[in-house]
$ cat structure-v7.tsv   # TSV, C-alpha atoms
chain	number	residue	atom	x	y	z
A	1	MET	CA	0.00	0.00	0.00
A	2	PRO	CA	1.40	3.43	-0.84
A	3	ASN	CA	2.58	5.68	1.94
A	4	PRO	CA	-0.03	8.49	2.21
A	5	ASN	CA	2.64	10.92	3.40
A	6	MET	CA	5.02	10.50	0.51
A	7	ASN	CA	5.38	13.16	-2.16
A	8	ARG	CA	3.02	12.57	-5.04
A	9	ARG	CA	4.93	12.26	-8.26
A	10	VAL	CA	3.91	11.48	-11.76
A	11	VAL	CA	6.28	8.82	-13.02
A	12	LEU	CA	6.62	6.97	-16.26
A	13	SER	CA	8.12	3.53	-16.07
A	14	GLY	CA	8.13	0.28	-17.99
A	15	SER	CA	9.63	-3.17	-18.11
A	16	GLN	CA	12.66	-1.88	-19.99
A	17	THR	CA	13.23	1.02	-17.61
A	18	ALA	CA	15.61	0.76	-14.68
A	19	THR	CA	14.65	4.12	-13.17
A	20	PRO	CA	11.22	5.74	-13.49
A	21	SER	CA	11.28	9.13	-15.17
A	22	PRO	CA	9.38	11.90	-13.35
A	23	LEU	CA	6.94	13.80	-15.52
A	24	GLY	CA	5.85	16.31	-12.90
A	25	VAL	CA	4.51	16.74	-9.40
A	26	ILE	CA	0.79	16.28	-8.81
A	27	PHE	CA	0.91	17.62	-5.26
A	28	THR	CA	2.88	17.33	-2.08
A	29	ASN	CA	1.30	16.70	1.29
A	30	ASP	CA	3.79	18.81	3.21
A	31	GLY	CA	1.48	21.74	4.00
A	32	THR	CA	3.24	24.14	1.65
A	33	SER	CA	2.52	23.39	-1.96
A	34	ILE	CA	0.15	21.87	-4.47
A	35	SER	CA	1.14	22.02	-8.10
A	36	GLY	CA	0.27	20.46	-11.39
A	37	PHE	CA	-3.49	20.97	-11.18
A	38	THR	CA	-5.67	23.17	-13.36
A	39	ASN	CA	-8.81	24.57	-11.74
A	40	THR	CA	-11.12	24.81	-14.73
A	41	SER	CA	-14.33	25.87	-12.99
A	42	GLY	CA	-13.47	27.71	-9.77
A	43	ASN	CA	-15.00	25.06	-7.53
A	44	PHE	CA	-11.88	23.52	-6.03
A	45	SER	CA	-9.67	24.84	-3.27
A	46	THR	CA	-6.29	23.66	-2.01
A	47	ASP	CA	-4.56	24.38	1.25
A	48	GLY	CA	-1.40	22.31	0.94
A	49	THR	CA	-2.81	19.27	2.74
A	50	LYS	CA	-6.00	18.43	0.87
A	51	ILE	CA	-8.05	19.18	-2.21
A	52	THR	CA	-11.60	20.32	-1.52
A	53	ALA	CA	-14.16	19.77	-4.25
A	54	THR	CA	-17.61	21.35	-4.09
A	55	LYS	CA	-20.49	20.65	-6.43
A	56	SER	CA	-22.08	23.46	-8.39
A	57	GLY	CA	-24.39	23.91	-11.34
A	58	GLY	CA	-27.25	21.61	-10.42
A	59	THR	CA	-26.98	18.20	-12.05
A	60	THR	CA	-24.13	19.08	-14.39
A	61	PHE	CA	-20.55	18.02	-13.71
A	62	SER	CA	-19.25	21.55	-13.68
A	63	SER	CA	-16.70	21.16	-10.90
A	64	ARG	CA	-13.54	19.49	-12.04
A	65	LEU	CA	-9.84	19.39	-11.32
A	66	GLU	CA	-7.64	17.99	-14.04
A	67	TYR	CA	-4.24	16.41	-13.91
A	68	ASN	CA	-2.34	18.55	-16.40
A	69	VAL	CA	1.40	17.99	-16.20
A	70	GLY	CA	3.18	17.20	-19.45
A	71	GLY	CA	0.53	15.15	-21.23
A	72	TYR	CA	-1.11	12.11	-21.64
A	73	SER	CA	-2.78	12.68	-24.93
A	74	SER	CA	-5.16	10.39	-26.73
A	75	ASN	CA	-2.29	9.61	-29.07
A	76	LEU	CA	-0.27	7.30	-26.84
A	77	GLU	CA	-1.16	3.64	-27.17
A	78	ASN	CA	-0.34	0.55	-25.14
A	79	TRP	CA	0.17	1.87	-21.63
A	80	THR	CA	-0.94	1.33	-18.07
A	81	GLN	CA	-1.73	4.18	-15.70
A	82	THR	CA	-2.18	3.72	-11.96
A	83	VAL	CA	-3.77	6.19	-9.57
A	84	TYR	CA	-3.77	5.69	-5.80
A	85	TYR	CA	-5.86	8.01	-3.67
A	86	ASP	CA	-7.42	8.17	-0.23
A	87	ALA	CA	-10.22	10.54	0.63
A	88	TYR	CA	-12.83	11.64	3.16
A	89	ASN	CA	-16.56	12.13	2.54
A	90	LYS	CA	-16.37	9.99	-0.56
A	91	SER	CA	-20.08	9.99	-1.33
A	92	GLY	CA	-20.46	12.31	-4.31
A	93	LEU	CA	-16.85	12.28	-5.48
A	94	GLY	CA	-16.24	11.22	-9.06
A	95	ILE	CA	-13.16	10.25	-11.03
A	96	GLY	CA	-13.39	10.97	-14.76
A	97	VAL	CA	-11.07	9.27	-17.21
A	98	GLY	CA	-10.76	10.67	-20.68
A	99	ALA	CA	-12.17	14.06	-19.76
A	100	GLY	CA	-12.20	16.15	-22.88
A	101	PRO	CA	-13.90	19.26	-24.23
A	102	SER	CA	-17.36	19.90	-22.78
A	103	ASN	CA	-16.82	17.20	-20.17
A	104	ALA	CA	-17.09	14.36	-22.67
A	105	PHE	CA	-15.88	11.06	-21.26
A	106	CYS	CA	-14.62	7.72	-22.34
A	107	ALA	CA	-15.21	6.34	-18.85
A	108	LEU	CA	-16.43	7.49	-15.49
A	109	LEU	CA	-15.84	6.07	-12.04
A	110	PHE	CA	-18.33	7.22	-9.42
A	111	LEU	CA	-18.53	6.85	-5.66
A	112	THR	CA	-22.17	7.87	-5.55
A	113	ALA	CA	-24.33	4.81	-6.32
A	114	VAL	CA	-24.54	4.13	-2.57
A	115	PRO	CA	-22.83	6.33	0.02
A	116	GLY	CA	-19.42	4.85	0.68
A	117	GLN	CA	-19.51	2.58	-2.37
A	118	ILE	CA	-18.00	2.81	-5.82
A	119	GLY	CA	-19.24	1.81	-9.26
A	120	PHE	CA	-18.50	2.40	-12.94
A	121	PHE	CA	-20.45	4.34	-15.48
A	122	ARG	CA	-19.21	4.52	-19.04
A	123	THR	CA	-19.64	6.17	-22.40
A	124	ASP	CA	-18.12	4.90	-25.60
A	125	THR	CA	-19.36	7.69	-27.83
A	126	GLY	CA	-17.83	10.80	-26.28
A	127	ALA	CA	-21.34	12.21	-25.91
A	128	ASP	CA	-21.50	15.12	-23.50
A	129	LEU	CA	-22.41	13.90	-19.99
A	130	GLY	CA	-24.00	10.66	-21.16
A	131	TYR	CA	-23.53	7.60	-18.97
A	132	SER	CA	-25.02	4.15	-18.56
A	133	GLY	CA	-24.22	0.65	-17.34
A	134	ALA	CA	-23.17	0.97	-13.71
A	135	GLY	CA	-20.75	-1.70	-12.59
A	136	THR	CA	-20.92	-3.72	-9.40
A	137	ALA	CA	-20.15	-1.54	-6.40
A	138	ILE	CA	-17.38	-2.05	-3.86
A	139	THR	CA	-17.43	-0.75	-0.31
A	140	ILE	CA	-15.14	2.11	0.69
A	141	ASN	CA	-14.52	3.48	4.17
A	142	ASN	CA	-12.76	6.70	5.10
A	143	ASN	CA	-8.97	6.35	4.93
A	144	ASP	CA	-9.16	3.36	2.58
A	145	ILE	CA	-6.64	3.47	-0.26
A	146	ILE	CA	-8.21	3.08	-3.70
A	147	LYS	CA	-6.11	1.82	-6.60
A	148	LEU	CA	-7.40	2.73	-10.06
A	149	VAL	CA	-5.66	1.02	-12.99
A	150	LEU	CA	-6.27	2.17	-16.57
A	151	THR	CA	-4.91	0.21	-19.50
A	152	ASP	CA	-4.91	0.69	-23.25
A	153	THR	CA	-3.76	-2.39	-25.18
A	154	ASN	CA	-4.00	-2.28	-28.96
A	155	GLY	CA	-7.30	-0.45	-28.92
A	156	THR	CA	-8.90	-2.13	-25.90
A	157	PHE	CA	-9.41	0.21	-22.96
A	158	SER	CA	-9.90	-1.33	-19.51
A	159	MET	CA	-10.38	0.18	-16.08
A	160	THR	CA	-10.19	-1.53	-12.66
A	161	ALA	CA	-10.69	-0.07	-9.19
A	162	THR	CA	-9.50	-1.98	-6.13
A	163	ASN	CA	-9.95	-1.15	-2.46
A	164	MET	CA	-6.48	-1.94	-1.11
A	165	ASN	CA	-7.90	-2.37	2.41
A	166	ASN	CA	-10.49	-5.07	1.68
A	167	SER	CA	-9.34	-6.33	-1.78
A	168	GLN	CA	-12.73	-5.71	-3.39
A	169	SER	CA	-12.52	-4.65	-7.03
A	170	VAL	CA	-14.68	-3.69	-9.97
A	171	SER	CA	-13.74	-3.35	-13.63
A	172	PHE	CA	-14.90	-2.99	-17.20
A	173	SER	CA	-13.38	-2.77	-20.66
A	174	TYR	CA	-14.33	-1.83	-24.20
A	175	THR	CA	-12.72	-1.64	-27.61
A	176	TYR	CA	-12.62	1.61	-29.54
A	177	GLY	CA	-12.70	1.63	-33.31
A	178	LEU	CA	-10.07	2.60	-35.86
A	179	THR	CA	-12.16	2.19	-39.00
A	180	ASN	CA	-13.11	5.62	-40.25
A	181	PRO	CA	-13.40	9.23	-39.13
A	182	VAL	CA	-17.19	9.16	-38.94
A	183	THR	CA	-17.68	6.26	-36.53
A	184	LEU	CA	-14.32	6.33	-34.79
A	185	THR	CA	-14.55	6.28	-31.01
A	186	GLN	CA	-11.10	7.34	-29.88
A	187	PRO	CA	-10.11	7.88	-26.24
A	188	ILE	CA	-10.15	11.62	-25.92
A	189	ASN	CA	-7.58	12.51	-23.31
A	190	PHE	CA	-6.27	10.17	-20.64
A	191	LYS	CA	-6.06	12.56	-17.76
A	192	PRO	CA	-7.70	11.42	-14.51
A	193	THR	CA	-10.03	14.17	-13.40
A	194	LEU	CA	-11.66	14.79	-10.03
A	195	PHE	CA	-15.33	15.69	-10.19
A	196	ALA	CA	-17.54	17.07	-7.43
A	197	LEU	CA	-20.95	15.45	-7.80
A	198	GLY	CA	-22.51	16.35	-4.48
A	199	GLY	CA	-21.52	17.94	-1.19
A	200	THR	CA	-17.87	18.59	-0.34
A	201	GLN	CA	-15.13	15.99	-0.58
A	202	TYR	CA	-11.56	15.99	0.69
A	203	VAL	CA	-8.89	14.14	-1.24
A	204	THR	CA	-5.90	13.86	1.08
A	205	SER	CA	-3.51	11.81	-1.05
A	206	TRP	CA	-3.08	11.28	-4.77
A	207	ILE	CA	-0.35	9.24	-6.45
A	208	TYR	CA	-0.26	9.01	-10.23
A	209	GLU	CA	2.10	6.87	-12.26
A	210	SER	CA	2.09	5.33	-15.68
A	211	SER	CA	3.84	2.46	-17.38
A	212	ALA	CA	4.25	2.46	-21.12
A	213	LEU	CA	6.68	0.51	-23.23
A	214	CYS	CA	9.94	2.42	-22.89
A	215	GLY	CA	13.13	2.30	-24.92
A	216	LEU	CA	11.48	0.75	-27.99
A	217	ASP	CA	13.01	0.81	-31.44
A	218	TYR	CA	10.66	3.45	-32.82
A	219	MET	CA	7.74	5.71	-32.02
A	220	LEU	CA	5.39	6.74	-34.82
A	221	ILE	CA	4.33	10.36	-34.28
A	222	GLY	CA	1.53	11.41	-36.59
A	223	ASP	CA	-2.11	12.27	-37.19
A	224	SER	CA	-5.21	10.29	-38.18
A	225	ILE	CA	-3.35	8.82	-41.16
A	226	SER	CA	-0.85	7.13	-38.86
A	227	ALA	CA	-3.52	6.45	-36.23
A	228	GLY	CA	-5.12	4.16	-38.79
A	229	PHE	CA	-8.31	5.68	-40.17
A	230	PHE	CA	-9.63	3.22	-42.80
A	231	ALA	CA	-6.96	0.64	-41.91
A	232	GLY	CA	-9.72	-1.73	-40.85
A	233	THR	CA	-8.03	-3.00	-37.68
A	234	ALA	CA	-5.38	-1.75	-35.28
A	235	ALA	CA	-3.07	-4.57	-36.38
A	236	ASN	CA	-3.34	-3.55	-40.05
A	237	ARG	CA	-1.93	-0.05	-39.64
A	238	TYR	CA	1.30	0.69	-41.46
A	239	GLY	CA	3.13	1.60	-38.26
A	240	VAL	CA	2.35	-1.84	-36.86
A	241	LEU	CA	2.93	-3.81	-40.06
A	242	ALA	CA	6.37	-2.22	-40.47
A	243	SER	CA	7.46	-3.57	-37.10
A	244	ALA	CA	7.00	-7.13	-38.34
A	245	LEU	CA	8.78	-6.43	-41.62
A	246	ALA	CA	11.79	-4.92	-39.85
A	247	ASN	CA	11.60	-7.03	-36.68
A	248	LYS	CA	11.53	-3.89	-34.53
A	249	SER	CA	9.60	-2.92	-31.41
A	250	TYR	CA	7.30	0.08	-31.59
A	251	ILE	CA	4.78	2.36	-29.96
A	252	ILE	CA	2.14	4.41	-31.79
A	253	TYR	CA	1.74	8.05	-30.74
A	254	SER	CA	-0.65	9.36	-33.39
A	255	GLY	CA	-4.08	10.94	-33.15
A	256	PRO	CA	-6.72	12.65	-35.29
A	257	GLY	CA	-6.31	16.37	-35.88
A	258	ASN	CA	-2.62	16.53	-35.00
A	259	SER	CA	-0.46	19.02	-36.83
A	260	SER	CA	3.22	19.91	-36.85
A	261	GLY	CA	2.69	22.01	-33.73
A	262	SER	CA	0.60	19.53	-31.74
A	263	TYR	CA	3.38	17.68	-29.98
A	264	ASN	CA	5.21	20.52	-28.27
A	265	SER	CA	3.02	19.95	-25.19
A	266	TYR	CA	3.99	16.29	-25.06
A	267	LEU	CA	7.73	16.46	-25.63
A	268	THR	CA	8.44	15.67	-21.96
A	269	GLU	CA	6.39	12.52	-22.22
A	270	ILE	CA	7.90	11.47	-25.55
A	271	ILE	CA	11.42	11.93	-24.22
A	272	ALA	CA	10.58	10.01	-21.05
A	273	LEU	CA	9.52	7.05	-23.22
A	274	ARG	CA	12.99	7.15	-24.84
A	275	PRO	CA	12.33	5.55	-28.23
A	276	LYS	CA	15.49	4.95	-30.23
A	277	LYS	CA	13.89	6.58	-33.26
A	278	ALA	CA	11.06	9.09	-33.59
A	279	ILE	CA	9.25	8.64	-36.90
A	280	ILE	CA	7.48	11.93	-37.67
A	281	VAL	CA	4.73	11.96	-40.31
A	282	LEU	CA	2.90	15.25	-39.83
A	283	GLY	CA	1.51	17.86	-42.17
A	284	ALA	CA	-1.91	16.86	-43.53
A	285	ASN	CA	-3.72	18.96	-40.94
A	286	ASP	CA	-1.30	21.85	-41.51
A	287	LEU	CA	-2.45	21.85	-45.13
A	288	LEU	CA	-6.12	21.44	-44.27
A	289	ASN	CA	-5.89	24.38	-41.85
A	290	SER	CA	-3.78	26.57	-44.15
A	291	VAL	CA	-0.79	26.74	-41.81
A	292	ALA	CA	2.05	28.65	-43.44
A	293	LEU	CA	4.79	26.37	-44.77
A	294	ALA	CA	7.44	28.31	-42.85
A	295	THR	CA	5.50	27.78	-39.62
A	296	SER	CA	5.17	24.04	-40.25
A	297	MET	CA	8.89	23.68	-40.96
A	298	ALA	CA	9.73	25.70	-37.84
A	299	ASN	CA	7.52	23.39	-35.77
A	300	LEU	CA	9.20	20.30	-37.20
A	301	THR	CA	12.59	21.85	-36.54
A	302	THR	CA	11.66	22.36	-32.88
A	303	LEU	CA	10.57	18.75	-32.61
A	304	LYS	CA	13.75	17.58	-34.28
A	305	ASN	CA	16.14	19.67	-32.19
A	306	THR	CA	14.47	18.82	-28.89
A	307	LEU	CA	14.30	15.08	-29.52
A	308	GLU	CA	17.82	14.85	-30.89
A	309	ALA	CA	19.16	16.73	-27.89
A	310	ALA	CA	17.64	13.93	-25.80
A	311	GLY	CA	19.47	11.30	-27.84
A	312	ILE	CA	16.52	10.24	-30.03
A	313	GLN	CA	17.11	9.87	-33.76
A	314	VAL	CA	14.49	11.72	-35.81
A	315	ILE	CA	13.23	10.39	-39.13
A	316	PHE	CA	10.84	12.50	-41.21
A	317	GLY	CA	8.37	10.91	-43.58
A	318	LYS	CA	6.96	12.66	-46.64
A	319	ILE	CA	3.19	12.75	-46.21
A	320	PRO	CA	0.80	11.20	-48.75
A	321	PRO	CA	-1.29	13.45	-51.00
A	322	VAL	CA	-4.11	15.52	-49.55
A	323	ASN	CA	-6.61	16.12	-52.32
A	324	GLY	CA	-6.89	19.79	-53.19
A	325	LYS	CA	-3.82	20.76	-51.13
A	326	THR	CA	-0.15	21.25	-51.98
A	327	ALA	CA	1.33	18.20	-50.27
A	328	ASN	CA	4.09	17.93	-52.85
A	329	ASN	CA	5.34	21.42	-52.02
A	330	TYR	CA	5.06	20.64	-48.30
A	331	ASN	CA	7.19	17.54	-48.84
A	332	VAL	CA	9.83	19.61	-50.59
A	333	GLY	CA	10.15	21.45	-47.31
A	334	VAL	CA	10.36	18.18	-45.38
A	335	GLY	CA	13.04	16.99	-47.79
A	336	GLY	CA	14.98	20.15	-47.03
A	337	LEU	CA	14.89	19.35	-43.34
A	338	VAL	CA	16.29	15.90	-44.01
A	339	SER	CA	19.18	17.18	-46.12
A	340	THR	CA	19.87	20.16	-43.84
A	341	PHE	CA	20.16	18.24	-40.62
A	342	GLY	CA	21.76	15.16	-42.09
A	343	SER	CA	20.95	12.82	-39.22
A	344	GLN	CA	17.52	11.90	-40.57
A	345	VAL	CA	16.93	9.21	-43.12
A	346	GLY	CA	13.79	10.23	-44.99
A	347	PHE	CA	11.13	7.93	-46.37
A	348	ASP	CA	8.41	8.65	-48.89
A	349	LEU	CA	4.66	8.03	-48.48
A	350	TYR	CA	3.80	10.41	-51.31
A	351	THR	CA	5.15	9.02	-54.56
A	352	PHE	CA	3.50	5.59	-54.56
A	353	SER	CA	0.24	7.12	-53.25
A	354	ALA	CA	-0.23	9.78	-55.95
A	355	SER	CA	-2.12	9.19	-59.19
A	356	ALA	CA	-1.39	12.77	-60.25
A	357	LEU	CA	0.17	15.86	-58.67
A	358	ASP	CA	-1.34	16.29	-55.19
A	359	THR	CA	-4.01	13.68	-55.86
A	360	PHE	CA	-4.36	10.59	-53.68
A	361	ASN	CA	-4.91	7.57	-55.93
A	362	PRO	CA	-8.54	6.53	-55.31
A	363	ILE	CA	-7.59	2.84	-55.32
A	364	TYR	CA	-5.66	3.56	-52.11
A	365	SER	CA	-7.86	6.16	-50.41
A	366	PRO	CA	-11.63	6.38	-49.91
A	367	ASP	CA	-11.55	10.09	-49.01
A	368	GLY	CA	-8.44	11.59	-50.60
A	369	LEU	CA	-6.70	11.83	-47.23
A	370	HIS	CA	-6.46	8.45	-45.46
A	371	GLY	CA	-5.03	5.22	-46.79
A	372	ASN	CA	-7.06	2.00	-47.00
A	373	SER	CA	-5.83	-1.45	-46.04
A	374	THR	CA	-3.94	-1.90	-49.33
A	375	TRP	CA	-2.20	1.42	-48.83
A	376	GLN	CA	-1.24	0.45	-45.28
A	377	SER	CA	0.77	-2.52	-46.57
A	378	LEU	CA	2.62	-0.40	-49.13
A	379	ALA	CA	3.30	2.32	-46.57
A	380	ALA	CA	4.63	-0.27	-44.15
A	381	THR	CA	7.17	-1.40	-46.75
A	382	GLU	CA	8.36	2.20	-47.17
A	383	LEU	CA	8.65	2.76	-43.42
A	384	ALA	CA	10.46	-0.52	-42.83
A	385	THR	CA	13.35	0.65	-45.05
A	386	VAL	CA	14.43	3.23	-42.44
A	387	LEU	CA	13.90	1.17	-39.30
$ encode --input "structure-v7.tsv" --output "structure tokens"
Amino acid sequence: MPNPNMNRRVVLSGSQTATPSPLGVIFTNDGTSISGFTNTSGNFSTDGTKITATKSGGTTFSSRLEYNVGGYSSNLENWTQTVYYDAYNKSGLGIGVGAGPSNAFCALLFLTAVPGQIGFFRTDTGADLGYSGAGTAITINNNDIIKLVLTDTNGTFSMTATNMNNSQSVSFSYTYGLTNPVTLTQPINFKPTLFALGGTQYVTSWIYESSALCGLDYMLIGDSISAGFFAGTAANRYGVLASALANKSYIIYSGPGNSSGSYNSYLTEIIALRPKKAIIVLGANDLLNSVALATSMANLTTLKNTLEAAGIQVIFGKIPPVNGKTANNYNVGVGGLVSTFGSQVGFDLYTFSASALDTFNPIYSPDGLHGNSTWQSLAATELATVL
């Protein structure tokens, strides 16, 4: 059982890691400081020894306190996060997982079904404030230590809560899709979030740590193309297929909507994972959002310089065509980065994908932006050449 008086640190560790890497302090219980929290609604107070959460806004979940140190974005796959906490007045306290814009959730963990008990409520759609399917409750007494374990394994998200004092536990899991942008249910943002659902609660201790695969051969950093829209299955994505071709270990760190500037907030986390190579395939959303080419190249340069300073080799990939946009010109800029910095070995997802200048061959793409299952295999062959 964790020591409730120890400093609360966010750590990232894995089976290949000898020493956990701190990502930031959640809070210390020394009476002087609490850091690393964002008060998004004005309904939480801290005094150095506890967090006080007070409900407001009727039946809406308007009081929340988010973990917000260094990341966990929806982009990181295959990880385990563990939260330990002990609290007073637990009836009415909620833990949200995957809290995103407008309080949309991938999963919710409530302590409100019966006073002093805990149960799960979940949403798989990201719908605002929707919940259904309560899990079996476990009993919690004041001063009990609760262990909450969250795991994402190849697209299956699971969540287990265990009372460390009486060994009772409750859990659920679901699989989120990777098929297409319309029906995709992607975990939104894996930041545990405290919610005040009724009365006032006191959280006296909070330990947060995460294990992800560290020190792997490569990390694929990208957008929805690399996340696998239209790949059919998680296993059929080019970033996964390439690992088998090259016999290399990998981790996917790609999510919908990402642009060249998206990852600056997560550099601490990426570096803590210590991949040997960072494969960067970014730019489609820059083009779709009319980001200036100079800005995109500056963003990629920042990524490159920061990661290389941490001892991670950076490899840029030329992006596939984006119908109606100047991907070829964008890739000229990417090619310039490769030749300028010298340490990157570039690979090309554009040439084999194009049926004409800046046109994604329709036999490979259903929407002129994302590659289908056939494209994934060809892209994997290209990526494997630089692994």
$ atom_distance --input "structure-v7.tsv" --atom1 "CA of Val322 (chain A)" --atom2 "CA of Ser353 (chain A)"
10.2 Å
$ closest_atom_pairs --input "structure-v7.tsv" --of "region 222-341 of chain A" --to "region 73-97 of chain A" --cutoff "6 Å" --atoms "all atoms listed in the file" --output "Markdown table"
| residue | atom | partner | partner_atom | distance |
| --- | --- | --- | --- | --- |
| A:Ile252 | CA | A:Glu77 | CA | 5.7 |
| A:Tyr253 | CA | A:Leu76 | CA | 4.5 |
| A:Ser254 | CA | A:Asn75 | CA | 4.6 |
| A:Gly255 | CA | A:Asn75 | CA | 4.6 |
$ write_last_selection --input "structure-v7.tsv" --atoms "C-alpha atoms" --output "compact mmCIF listing (two decimals), in the frame of the given file"
# COMPACT_ATOMS: atom_id res chain seq x y z
CA ILE A 252 2.14 4.41 -31.79
CA TYR A 253 1.74 8.05 -30.74
CA SER A 254 -0.65 9.36 -33.39
CA GLY A 255 -4.08 10.94 -33.15
$ residues_around --input "structure-v7.tsv" --residues "Thr374 (chain A)" --least-positions-apart "3" --cutoff "9 Å" --atoms "all atoms listed in the file" --output "list in words"
Ala231, Ile363, Tyr364, Gly371, Ser377, Leu378 and Ala379 of chain A
$ residues_around --input "structure-v7.tsv" --residues "Val291 (chain A)" --least-positions-apart "4" --cutoff "12 Å" --atoms "only C-alpha atoms" --output "NGL selection string"
:A and (259-261 or 283-287 or 295-299 or 325-326 or 330)
$ atom_distance --input "structure-v7.tsv" --atom1 "CA of Gly311 (chain A)" --atom2 "CA of Glu269 (chain A)"
14.3 Å
$ closest_residue --input "structure-v7.tsv" --among "A:Ser339, A:Asn331, A:Ser243, A:Thr54" --to "Val281 (chain A)" --atoms "all atoms listed in the file"
A:Asn331
$ atom_distance --input "structure-v7.tsv" --atom1 "CA of Asp217 (chain A)" --atom2 "CA of Tyr350 (chain A)"
23.9 Å
$ closest_residue --input "structure-v7.tsv" --among "A:Asn323, A:Ser167, A:Thr302, A:Asn154" --to "Ala227 (chain A)" --atoms "only C-alpha atoms"
A:Asn154
$ decode --input "structure-v7.tsv" --residues "region 228-242 of chain A" --atoms "N, CA and C atoms" --output "tab-separated table (two decimals), in the first residue's frame"
chain	number	residue	atom	x	y	z
A	228	GLY	N	-4.53	5.32	-38.15
A	228	GLY	CA	-5.12	4.16	-38.79
A	228	GLY	C	-6.52	4.30	-39.30
A	229	PHE	N	-6.98	5.54	-39.57
A	229	PHE	CA	-8.31	5.68	-40.17
A	229	PHE	C	-8.37	4.88	-41.48
A	230	PHE	N	-9.39	4.06	-41.64
A	230	PHE	CA	-9.63	3.22	-42.80
A	230	PHE	C	-8.65	2.06	-42.92
A	231	ALA	N	-7.85	1.80	-41.88
A	231	ALA	CA	-6.96	0.64	-41.91
A	231	ALA	C	-7.73	-0.65	-41.69
A	232	GLY	N	-8.91	-0.55	-41.10
A	232	GLY	CA	-9.72	-1.73	-40.85
A	232	GLY	C	-9.57	-2.26	-39.44
A	233	THR	N	-8.32	-2.53	-39.03
A	233	THR	CA	-8.03	-3.00	-37.68
A	233	THR	C	-6.77	-2.32	-37.18
A	234	ALA	N	-6.59	-2.33	-35.86
A	234	ALA	CA	-5.38	-1.75	-35.28
A	234	ALA	C	-4.13	-2.47	-35.78
A	235	ALA	N	-4.23	-3.78	-35.96
A	235	ALA	CA	-3.07	-4.57	-36.38
A	235	ALA	C	-2.68	-4.31	-37.83
A	236	ASN	N	-3.59	-3.75	-38.63
A	236	ASN	CA	-3.34	-3.55	-40.05
A	236	ASN	C	-2.80	-2.17	-40.38
A	237	ARG	N	-2.49	-1.37	-39.39
A	237	ARG	CA	-1.93	-0.05	-39.64
A	237	ARG	C	-0.47	-0.14	-40.07
A	238	TYR	N	-0.05	0.79	-40.89
A	238	TYR	CA	1.30	0.69	-41.46
A	238	TYR	C	2.39	0.76	-40.39
A	239	GLY	N	2.14	1.51	-39.32
A	239	GLY	CA	3.13	1.60	-38.26
A	239	GLY	C	3.32	0.29	-37.52
A	240	VAL	N	2.27	-0.52	-37.49
A	240	VAL	CA	2.35	-1.84	-36.86
A	240	VAL	C	2.93	-2.87	-37.82
A	241	LEU	N	2.44	-2.86	-39.06
A	241	LEU	CA	2.93	-3.81	-40.06
A	241	LEU	C	4.44	-3.67	-40.28
A	242	ALA	N	4.94	-2.45	-40.25
A	242	ALA	CA	6.37	-2.22	-40.47
A	242	ALA	C	7.22	-2.88	-39.40
